[in-house]
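Colleague: Below is a structure I'd like to ask you about.
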Amino acid sequence: MSDNDLFVPATAPLAPASVEAWCFAFVDGQLLLQEGQVLRPSEPPAAAPRHYLGRLGALDSWTMRLDEVPSGWEAHPLRAAMRVLPEPLMALASRAAQVLEWDRAHAFCGVCGTPTVPVPNERARRCPSCQHTVYPRINPAMMALIWRGRELLLARSPGYTPGSYSALAGFVEAGESLEECVHREVAEEVGVRVQGLRYYGSQSWPFPHSLMVAYTAEWVGGEIVPQPGEIEDARWFDIDELPGIPPRFSISGHLIRDTADWLRSRG
């Protein structure tokens with residue numbers, strides 16, 4: 001990682017301020033781009049409600065919500081924009097979207113309904129009446145790629161692009177460890193049993209505020225039985241005959257490709 005890719009998170013501008021700044025501006029939940037680039041003004045518009053994110057390389061970074069698209073810019077769905085941004089900016093766009101959504105969703109106290117106010121020097125909003133404090137929400141979700149010999153178990157949900165498959169995934173329930181979640185979700189979604197869980201990696205996923213934690217697991221028994229309403233199709237695929245899989249901007253795309261390469265290396 002180069003110095004230009006190093007991100008230092010913060011809730012208030014660092015001194016001295018950078019001459020230019022990355023500005024992740026959103027209109028109705030869509031990210032503004034100009035010829036595939038993020039808005040980069042010398043000074044963010046003062047009138048726009050904004051949040052400081054930190055410093056990427058030598059540049060400050062902000063996120064803001066605008067009422068309309070400025071002339072010369074285009075609004076893109078965040079998922080599509082993340083496909084074309086360099087990885088450091090992709091990760092920062094994910095952070096920016098989640099900060100804005102948290103700020104929007106918690107403008108009023110969920111306990112007593114009083115308008116909340118920002119907490120100085122923290123990424124938090126607090127109710128001045130009952131003191132209830134809300135931080136950006138994160139929902140942990142497991143992802144499990146199951147292997148058997150030279151095969152990978154891939155599945156598709158009803159909303160997937162036709163012909164596209166991915167690893168299994170599901171949200172962690174209260175009181176549940178990540179490993180327990182893997183075993184439960186695998187059993188529920190496809191009816192098989194696994195062993196030998198190995199941690200692969202994690203990714204912040206802003207749809208709307210998830211933390212994807214990815215594992216590989218070895219099949220140990222059971223036949224595939226797709227969960228009605230959740231899994232449209234699930235099957236074993238040879239590593240040299242994979243269907244359409246997610247691109248590399250998502251951790252599932254890396255997980256499937258890297259695991260296939262690992263299985264090939266085993267012979």
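Labels used: A, B, ... for chains in the order of the structure tokens, numbers from 1 for residues in each chain, and numbers from 1 for ligands as shown.
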Per DSSP on the backbone, filter segment 26-203 of chain A down to the residues in strand (DSSP E or B) and report them as an mmCIF file with N, CA and C atoms, in the first residue's frame.

Modeller:
```cif
data_model
loop_
_atom_site.group_PDB
_atom_site.id
_atom_site.type_symbol
_atom_site.label_atom_id
_atom_site.label_comp_id
_atom_site.auth_asym_id
_atom_site.auth_seq_id
_atom_site.Cartn_x
_atom_site.Cartn_y
_atom_site.Cartn_z
ATOM 1 N N PHE A 26 -23.693 12.916 -2.376
ATOM 2 C CA PHE A 26 -24.795 12.027 -2.734
ATOM 3 C C PHE A 26 -26.066 12.838 -2.963
ATOM 4 N N VAL A 27 -26.843 12.414 -3.948
ATOM 5 C CA VAL A 27 -28.169 12.960 -4.207
ATOM 6 C C VAL A 27 -29.142 11.790 -4.244
ATOM 7 N N GLN A 30 -27.530 8.396 -4.358
ATOM 8 C CA GLN A 30 -26.632 8.072 -5.464
ATOM 9 C C GLN A 30 -25.375 8.944 -5.400
ATOM 10 N N LEU A 31 -24.232 8.352 -5.745
ATOM 11 C CA LEU A 31 -22.951 9.038 -5.659
ATOM 12 C C LEU A 31 -22.701 9.859 -6.926
ATOM 13 N N LEU A 32 -22.217 11.085 -6.737
ATOM 14 C CA LEU A 32 -21.929 11.951 -7.873
ATOM 15 C C LEU A 32 -20.542 11.654 -8.430
ATOM 16 N N LEU A 33 -20.476 11.456 -9.739
ATOM 17 C CA LEU A 33 -19.212 11.225 -10.436
ATOM 18 C C LEU A 33 -19.162 12.096 -11.675
ATOM 19 N N GLN A 34 -17.945 12.441 -12.063
ATOM 20 C CA GLN A 34 -17.713 13.147 -13.314
ATOM 21 C C GLN A 34 -16.620 12.403 -14.057
ATOM 22 N N GLN A 37 -14.858 10.021 -11.840
ATOM 23 C CA GLN A 37 -14.078 10.563 -10.740
ATOM 24 C C GLN A 37 -14.984 11.140 -9.655
ATOM 25 N N VAL A 38 -14.510 11.053 -8.412
ATOM 26 C CA VAL A 38 -15.224 11.627 -7.284
ATOM 27 C C VAL A 38 -14.973 13.131 -7.253
ATOM 28 N N ARG A 50 -22.447 18.337 5.991
ATOM 29 C CA ARG A 50 -21.338 17.464 5.625
ATOM 30 C C ARG A 50 -20.715 16.828 6.854
ATOM 31 N N HIS A 51 -19.991 15.742 6.611
ATOM 32 C CA HIS A 51 -19.303 15.012 7.668
ATOM 33 C C HIS A 51 -17.863 14.791 7.243
ATOM 34 N N TYR A 52 -16.952 15.051 8.159
ATOM 35 C CA TYR A 52 -15.547 14.778 7.888
ATOM 36 C C TYR A 52 -15.287 13.296 8.106
ATOM 37 N N LEU A 53 -14.557 12.658 7.176
ATOM 38 C CA LEU A 53 -14.293 11.225 7.256
ATOM 39 C C LEU A 53 -12.877 10.916 7.731
ATOM 40 N N GLY A 54 -11.928 11.757 7.347
ATOM 41 C CA GLY A 54 -10.533 11.496 7.666
ATOM 42 C C GLY A 54 -9.659 11.941 6.513
ATOM 43 N N ARG A 55 -8.441 11.440 6.470
ATOM 44 C CA ARG A 55 -7.504 11.852 5.431
ATOM 45 C C ARG A 55 -7.023 10.626 4.651
ATOM 46 N N LEU A 56 -7.220 10.683 3.348
ATOM 47 C CA LEU A 56 -6.736 9.640 2.441
ATOM 48 C C LEU A 56 -5.471 10.153 1.783
ATOM 49 N N LEU A 59 -4.865 14.069 1.344
ATOM 50 C CA LEU A 59 -6.080 14.845 1.135
ATOM 51 C C LEU A 59 -7.142 14.548 2.175
ATOM 52 N N ASP A 60 -7.774 15.620 2.679
ATOM 53 C CA ASP A 60 -8.932 15.451 3.550
ATOM 54 C C ASP A 60 -10.071 14.834 2.755
ATOM 55 N N SER A 61 -11.018 14.221 3.445
ATOM 56 C CA SER A 61 -12.177 13.628 2.768
ATOM 57 C C SER A 61 -13.449 13.954 3.543
ATOM 58 N N TRP A 62 -14.487 14.271 2.787
ATOM 59 C CA TRP A 62 -15.777 14.660 3.341
ATOM 60 C C TRP A 62 -16.877 13.859 2.649
ATOM 61 N N THR A 63 -18.030 13.805 3.300
ATOM 62 C CA THR A 63 -19.225 13.293 2.635
ATOM 63 C C THR A 63 -20.357 14.257 2.901
ATOM 64 N N MET A 64 -21.251 14.386 1.943
ATOM 65 C CA MET A 64 -22.352 15.335 2.084
ATOM 66 C C MET A 64 -23.544 14.878 1.253
ATOM 67 N N ARG A 65 -24.691 15.419 1.598
ATOM 68 C CA ARG A 65 -25.924 15.144 0.858
ATOM 69 C C ARG A 65 -26.373 16.434 0.190
ATOM 70 N N GLU A 74 -22.872 13.496 -12.775
ATOM 71 C CA GLU A 74 -23.894 12.468 -12.931
ATOM 72 C C GLU A 74 -24.035 11.681 -11.637
ATOM 73 N N ALA A 75 -25.265 11.316 -11.310
ATOM 74 C CA ALA A 75 -25.542 10.514 -10.119
ATOM 75 C C ALA A 75 -25.577 9.042 -10.513
ATOM 76 N N HIS A 76 -24.824 8.214 -9.776
ATOM 77 C CA HIS A 76 -24.731 6.788 -10.074
ATOM 78 C C HIS A 76 -25.135 5.973 -8.843
ATOM 79 N N PHE A 108 -33.774 11.796 14.858
ATOM 80 C CA PHE A 108 -34.647 11.858 16.022
ATOM 81 C C PHE A 108 -34.358 10.673 16.932
ATOM 82 N N PRO A 115 -35.383 15.584 18.695
ATOM 83 C CA PRO A 115 -34.297 15.728 17.705
ATOM 84 C C PRO A 115 -32.932 15.528 18.364
ATOM 85 N N VAL A 117 -28.614 15.604 18.464
ATOM 86 C CA VAL A 117 -27.565 16.557 18.098
ATOM 87 C C VAL A 117 -26.243 15.804 17.995
ATOM 88 N N PRO A 118 -25.323 16.281 17.132
ATOM 89 C CA PRO A 118 -24.015 15.628 17.029
ATOM 90 C C PRO A 118 -23.240 15.735 18.337
ATOM 91 N N ARG A 125 -24.591 10.630 17.676
ATOM 92 C CA ARG A 125 -25.676 11.596 17.868
ATOM 93 C C ARG A 125 -26.321 11.299 19.217
ATOM 94 N N ARG A 126 -26.663 12.365 19.948
ATOM 95 C CA ARG A 126 -27.190 12.192 21.307
ATOM 96 C C ARG A 126 -28.486 12.957 21.470
ATOM 97 N N THR A 133 -27.663 7.777 23.176
ATOM 98 C CA THR A 133 -26.608 8.053 22.205
ATOM 99 C C THR A 133 -26.575 6.951 21.153
ATOM 100 N N VAL A 134 -26.468 7.356 19.907
ATOM 101 C CA VAL A 134 -26.488 6.402 18.794
ATOM 102 C C VAL A 134 -25.217 6.556 17.967
ATOM 103 N N ASN A 139 -23.998 -4.236 11.005
ATOM 104 C CA ASN A 139 -24.599 -5.567 11.116
ATOM 105 C C ASN A 139 -23.612 -6.614 10.621
ATOM 106 N N PRO A 140 -23.060 -7.451 11.499
ATOM 107 C CA PRO A 140 -22.148 -8.499 11.030
ATOM 108 C C PRO A 140 -22.899 -9.597 10.287
ATOM 109 N N ALA A 141 -22.308 -10.039 9.205
ATOM 110 C CA ALA A 141 -22.896 -11.119 8.412
ATOM 111 C C ALA A 141 -21.786 -12.065 7.993
ATOM 112 N N MET A 142 -22.060 -13.348 8.077
ATOM 113 C CA MET A 142 -21.056 -14.316 7.663
ATOM 114 C C MET A 142 -21.226 -14.633 6.184
ATOM 115 N N MET A 143 -20.125 -15.076 5.560
ATOM 116 C CA MET A 143 -20.138 -15.596 4.199
ATOM 117 C C MET A 143 -19.364 -16.907 4.218
ATOM 118 N N ALA A 144 -19.911 -17.945 3.635
ATOM 119 C CA ALA A 144 -19.278 -19.261 3.681
ATOM 120 C C ALA A 144 -19.186 -19.849 2.276
ATOM 121 N N LEU A 145 -17.969 -20.166 1.863
ATOM 122 C CA LEU A 145 -17.747 -20.860 0.591
ATOM 123 C C LEU A 145 -17.363 -22.301 0.913
ATOM 124 N N ILE A 146 -18.221 -23.230 0.527
ATOM 125 C CA ILE A 146 -18.041 -24.639 0.855
ATOM 126 C C ILE A 146 -17.351 -25.347 -0.312
ATOM 127 N N TRP A 147 -16.354 -26.172 0.021
ATOM 128 C CA TRP A 147 -15.635 -26.913 -1.010
ATOM 129 C C TRP A 147 -15.694 -28.407 -0.739
ATOM 130 N N ARG A 148 -15.584 -29.169 -1.808
ATOM 131 C CA ARG A 148 -15.588 -30.635 -1.744
ATOM 132 C C ARG A 148 -14.743 -31.137 -2.901
ATOM 133 N N GLU A 151 -14.686 -29.143 -6.169
ATOM 134 C CA GLU A 151 -15.970 -28.491 -6.399
ATOM 135 C C GLU A 151 -16.249 -27.423 -5.345
ATOM 136 N N LEU A 152 -16.993 -26.404 -5.760
ATOM 137 C CA LEU A 152 -17.464 -25.349 -4.863
ATOM 138 C C LEU A 152 -18.986 -25.347 -4.859
ATOM 139 N N LEU A 153 -19.568 -25.161 -3.686
ATOM 140 C CA LEU A 153 -21.017 -25.078 -3.571
ATOM 141 C C LEU A 153 -21.408 -23.602 -3.687
ATOM 142 N N LEU A 154 -22.093 -23.266 -4.774
ATOM 143 C CA LEU A 154 -22.533 -21.898 -5.024
ATOM 144 C C LEU A 154 -24.046 -21.862 -5.137
ATOM 145 N N ALA A 155 -24.618 -20.731 -4.764
ATOM 146 C CA ALA A 155 -26.078 -20.611 -4.753
ATOM 147 C C ALA A 155 -26.482 -19.252 -5.303
ATOM 148 N N ARG A 156 -27.762 -19.145 -5.622
ATOM 149 C CA ARG A 156 -28.298 -17.865 -6.084
ATOM 150 C C ARG A 156 -29.639 -17.603 -5.402
ATOM 151 N N SER A 164 -26.112 -15.889 -12.413
ATOM 152 C CA SER A 164 -25.073 -15.517 -11.462
ATOM 153 C C SER A 164 -25.231 -16.278 -10.147
ATOM 154 N N SER A 166 -23.170 -17.188 -6.124
ATOM 155 C CA SER A 166 -22.190 -16.685 -5.168
ATOM 156 C C SER A 166 -22.100 -17.638 -3.979
ATOM 157 N N LEU A 168 -22.608 -18.637 0.080
ATOM 158 C CA LEU A 168 -23.724 -18.470 1.001
ATOM 159 C C LEU A 168 -23.442 -17.321 1.950
ATOM 160 N N ALA A 169 -24.496 -16.644 2.410
ATOM 161 C CA ALA A 169 -24.314 -15.522 3.325
ATOM 162 C C ALA A 169 -25.563 -15.340 4.168
ATOM 163 N N GLY A 170 -25.374 -14.806 5.375
ATOM 164 C CA GLY A 170 -26.500 -14.550 6.259
ATOM 165 C C GLY A 170 -26.072 -13.733 7.465
ATOM 166 N N PHE A 171 -27.031 -13.055 8.087
ATOM 167 C CA PHE A 171 -26.729 -12.187 9.216
ATOM 168 C C PHE A 171 -26.576 -12.970 10.511
ATOM 169 N N ARG A 193 -23.750 -30.158 5.981
ATOM 170 C CA ARG A 193 -22.921 -29.964 7.169
ATOM 171 C C ARG A 193 -21.481 -29.697 6.734
ATOM 172 N N VAL A 194 -20.779 -28.867 7.509
ATOM 173 C CA VAL A 194 -19.407 -28.483 7.141
ATOM 174 C C VAL A 194 -18.486 -28.630 8.343
ATOM 175 N N GLN A 195 -17.182 -28.611 8.038
ATOM 176 C CA GLN A 195 -16.158 -28.675 9.076
ATOM 177 C C GLN A 195 -14.952 -27.844 8.613
ATOM 178 N N GLY A 196 -14.001 -27.667 9.513
ATOM 179 C CA GLY A 196 -12.747 -27.010 9.137
ATOM 180 C C GLY A 196 -12.902 -25.577 8.679
ATOM 181 N N LEU A 197 -13.692 -24.779 9.401
ATOM 182 C CA LEU A 197 -13.857 -23.377 9.028
ATOM 183 C C LEU A 197 -12.514 -22.648 9.055
ATOM 184 N N ARG A 198 -12.258 -21.870 8.006
ATOM 185 C CA ARG A 198 -11.034 -21.074 7.935
ATOM 186 C C ARG A 198 -11.392 -19.646 7.560
ATOM 187 N N TYR A 199 -10.930 -18.706 8.377
ATOM 188 C CA TYR A 199 -11.209 -17.297 8.127
ATOM 189 C C TYR A 199 -10.494 -16.837 6.862
ATOM 190 N N TYR A 200 -11.208 -16.112 5.990
ATOM 191 C CA TYR A 200 -10.621 -15.607 4.755
ATOM 192 C C TYR A 200 -10.368 -14.096 4.826
ATOM 193 N N GLY A 201 -11.349 -13.335 5.256
ATOM 194 C CA GLY A 201 -11.202 -11.888 5.306
ATOM 195 C C GLY A 201 -12.546 -11.229 5.553
ATOM 196 N N SER A 202 -12.552 -9.897 5.563
ATOM 197 C CA SER A 202 -13.791 -9.168 5.815
ATOM 198 C C SER A 202 -13.859 -7.936 4.934
ATOM 199 N N GLN A 203 -15.068 -7.400 4.788
ATOM 200 C CA GLN A 203 -15.277 -6.209 3.969
ATOM 201 C C GLN A 203 -16.485 -5.446 4.496
#
```

Colleague: Pick out the residues sitting within 9 Å of Leu92 of chain A, and hand them over as an mmCIF file with N, CA and C atoms, in the first residue's frame; count only C-alpha atoms, and ignore anything fewer than 3 positions along from it in its own chain.

Modeller:
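out01.cif, freshly written:
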```cif
data_model
loop_
_atom_site.group_PDB
_atom_site.id
_atom_site.type_symbol
_atom_site.label_atom_id
_atom_site.label_comp_id
_atom_site.auth_asym_id
_atom_site.auth_seq_id
_atom_site.Cartn_x
_atom_site.Cartn_y
_atom_site.Cartn_z
ATOM 1 N N PHE A 7 -5.381 5.523 4.676
ATOM 2 C CA PHE A 7 -6.511 6.301 5.184
ATOM 3 C C PHE A 7 -6.431 6.394 6.699
ATOM 4 N N PHE A 24 -17.315 13.147 -1.213
ATOM 5 C CA PHE A 24 -18.250 12.111 -1.647
ATOM 6 C C PHE A 24 -19.659 12.673 -1.472
ATOM 7 N N LEU A 53 -14.557 12.658 7.176
ATOM 8 C CA LEU A 53 -14.293 11.225 7.256
ATOM 9 C C LEU A 53 -12.877 10.916 7.731
ATOM 10 N N LEU A 56 -7.220 10.683 3.348
ATOM 11 C CA LEU A 56 -6.736 9.640 2.441
ATOM 12 C C LEU A 56 -5.471 10.153 1.783
ATOM 13 N N SER A 61 -11.018 14.221 3.445
ATOM 14 C CA SER A 61 -12.177 13.628 2.768
ATOM 15 C C SER A 61 -13.449 13.954 3.543
ATOM 16 N N GLU A 87 -9.630 1.020 -5.502
ATOM 17 C CA GLU A 87 -9.985 0.391 -4.227
ATOM 18 C C GLU A 87 -9.998 1.353 -3.039
ATOM 19 N N PRO A 88 -9.017 2.246 -2.860
ATOM 20 C CA PRO A 88 -9.080 3.153 -1.703
ATOM 21 C C PRO A 88 -10.315 4.046 -1.724
ATOM 22 N N LEU A 89 -10.676 4.555 -2.918
ATOM 23 C CA LEU A 89 -11.863 5.402 -3.033
ATOM 24 C C LEU A 89 -13.141 4.586 -2.912
ATOM 25 N N ARG A 95 -17.769 3.924 3.234
ATOM 26 C CA ARG A 95 -17.827 4.582 4.543
ATOM 27 C C ARG A 95 -18.723 5.824 4.476
ATOM 28 N N ALA A 96 -18.542 6.620 3.427
ATOM 29 C CA ALA A 96 -19.308 7.854 3.289
ATOM 30 C C ALA A 96 -20.807 7.588 3.250
ATOM 31 N N ALA A 97 -21.218 6.588 2.471
ATOM 32 C CA ALA A 97 -22.636 6.269 2.354
ATOM 33 C C ALA A 97 -23.218 5.832 3.688
#
```

Colleague: Taking the DSSP secondary structure from the backbone, can you list the residues of segment 31-266 of chain A that are alpha helix (DSSP H), as number ranges by chain?

Modeller: A: 78-84, 87-105, 178-190, 251-265

Colleague: Select, from A:Ala21, A:Tyr165, A:Gly267, A:Ile245, the residue with the minimum atom-to-atom distance to Glu232 of chain A, counting only C-alpha atoms.

Modeller: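 Result for the nearest residue to Glu232 of chain A: A:Tyr165.
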
Colleague: Just the residues within 8 Å of Gly191 of chain A, please, counting only C-alpha atoms, with nothing from its chain fewer than 2 positions along; format it as a count of residues only.

Modeller: 11

Colleague: Using atom CA of Leu78 of chain A and atom CA of Pro247 of chain A as the two end points, give the distance in Å to one decimal.

Modeller: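 Interatomic distance here is 14.8 Å.
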
Colleague: Excluding Ser252 of chain A and its own-chain neighbours fewer than 2 positions away, which residues fall within 8 Å of it when counting only C-alpha atoms? Please give them as a list in words.

Modeller: Met143, Ser166, Ala167, Ala214, Pro246, Pro247, Arg248, Ser250, His254, Leu255 and Ile256 of chain A

Colleague: Would you put the residues from that selection into a file with N, CA and C atoms, as a CSV table (one decimal), in the first residue's frame?

Modeller:
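Written output follows (again29.csv):
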```csv
chain,number,residue,atom,x,y,z
A,143,MET,N,-20.1,-15.1,5.6
A,143,MET,CA,-20.1,-15.6,4.2
A,143,MET,C,-19.4,-16.9,4.2
A,166,SER,N,-23.2,-17.2,-6.1
A,166,SER,CA,-22.2,-16.7,-5.2
A,166,SER,C,-22.1,-17.6,-4.0
A,167,ALA,N,-21.3,-17.3,-3.0
A,167,ALA,CA,-21.2,-18.0,-1.8
A,167,ALA,C,-22.4,-17.8,-0.9
A,214,ALA,N,-15.9,-13.4,5.8
A,214,ALA,CA,-15.9,-14.6,4.9
A,214,ALA,C,-15.0,-15.7,5.4
A,246,PRO,N,-19.6,-13.0,-8.7
A,246,PRO,CA,-19.5,-11.6,-8.4
A,246,PRO,C,-18.1,-11.1,-8.9
A,247,PRO,N,-18.0,-9.8,-9.3
A,247,PRO,CA,-16.7,-9.2,-9.6
A,247,PRO,C,-15.9,-9.0,-8.4
A,248,ARG,N,-14.6,-8.6,-8.6
A,248,ARG,CA,-13.7,-8.5,-7.5
A,248,ARG,C,-13.9,-7.3,-6.6
A,250,SER,N,-16.3,-7.0,-4.7
A,250,SER,CA,-16.9,-7.5,-3.5
A,250,SER,C,-16.0,-8.7,-3.0
A,254,HIS,N,-13.5,-12.1,-4.7
A,254,HIS,CA,-12.1,-12.5,-4.3
A,254,HIS,C,-12.2,-14.0,-3.7
A,255,LEU,N,-13.1,-14.2,-2.8
A,255,LEU,CA,-13.2,-15.5,-2.1
A,255,LEU,C,-13.3,-16.6,-3.0
A,256,ILE,N,-14.2,-16.5,-4.0
A,256,ILE,CA,-14.4,-17.6,-4.9
A,256,ILE,C,-13.2,-17.9,-5.8
```
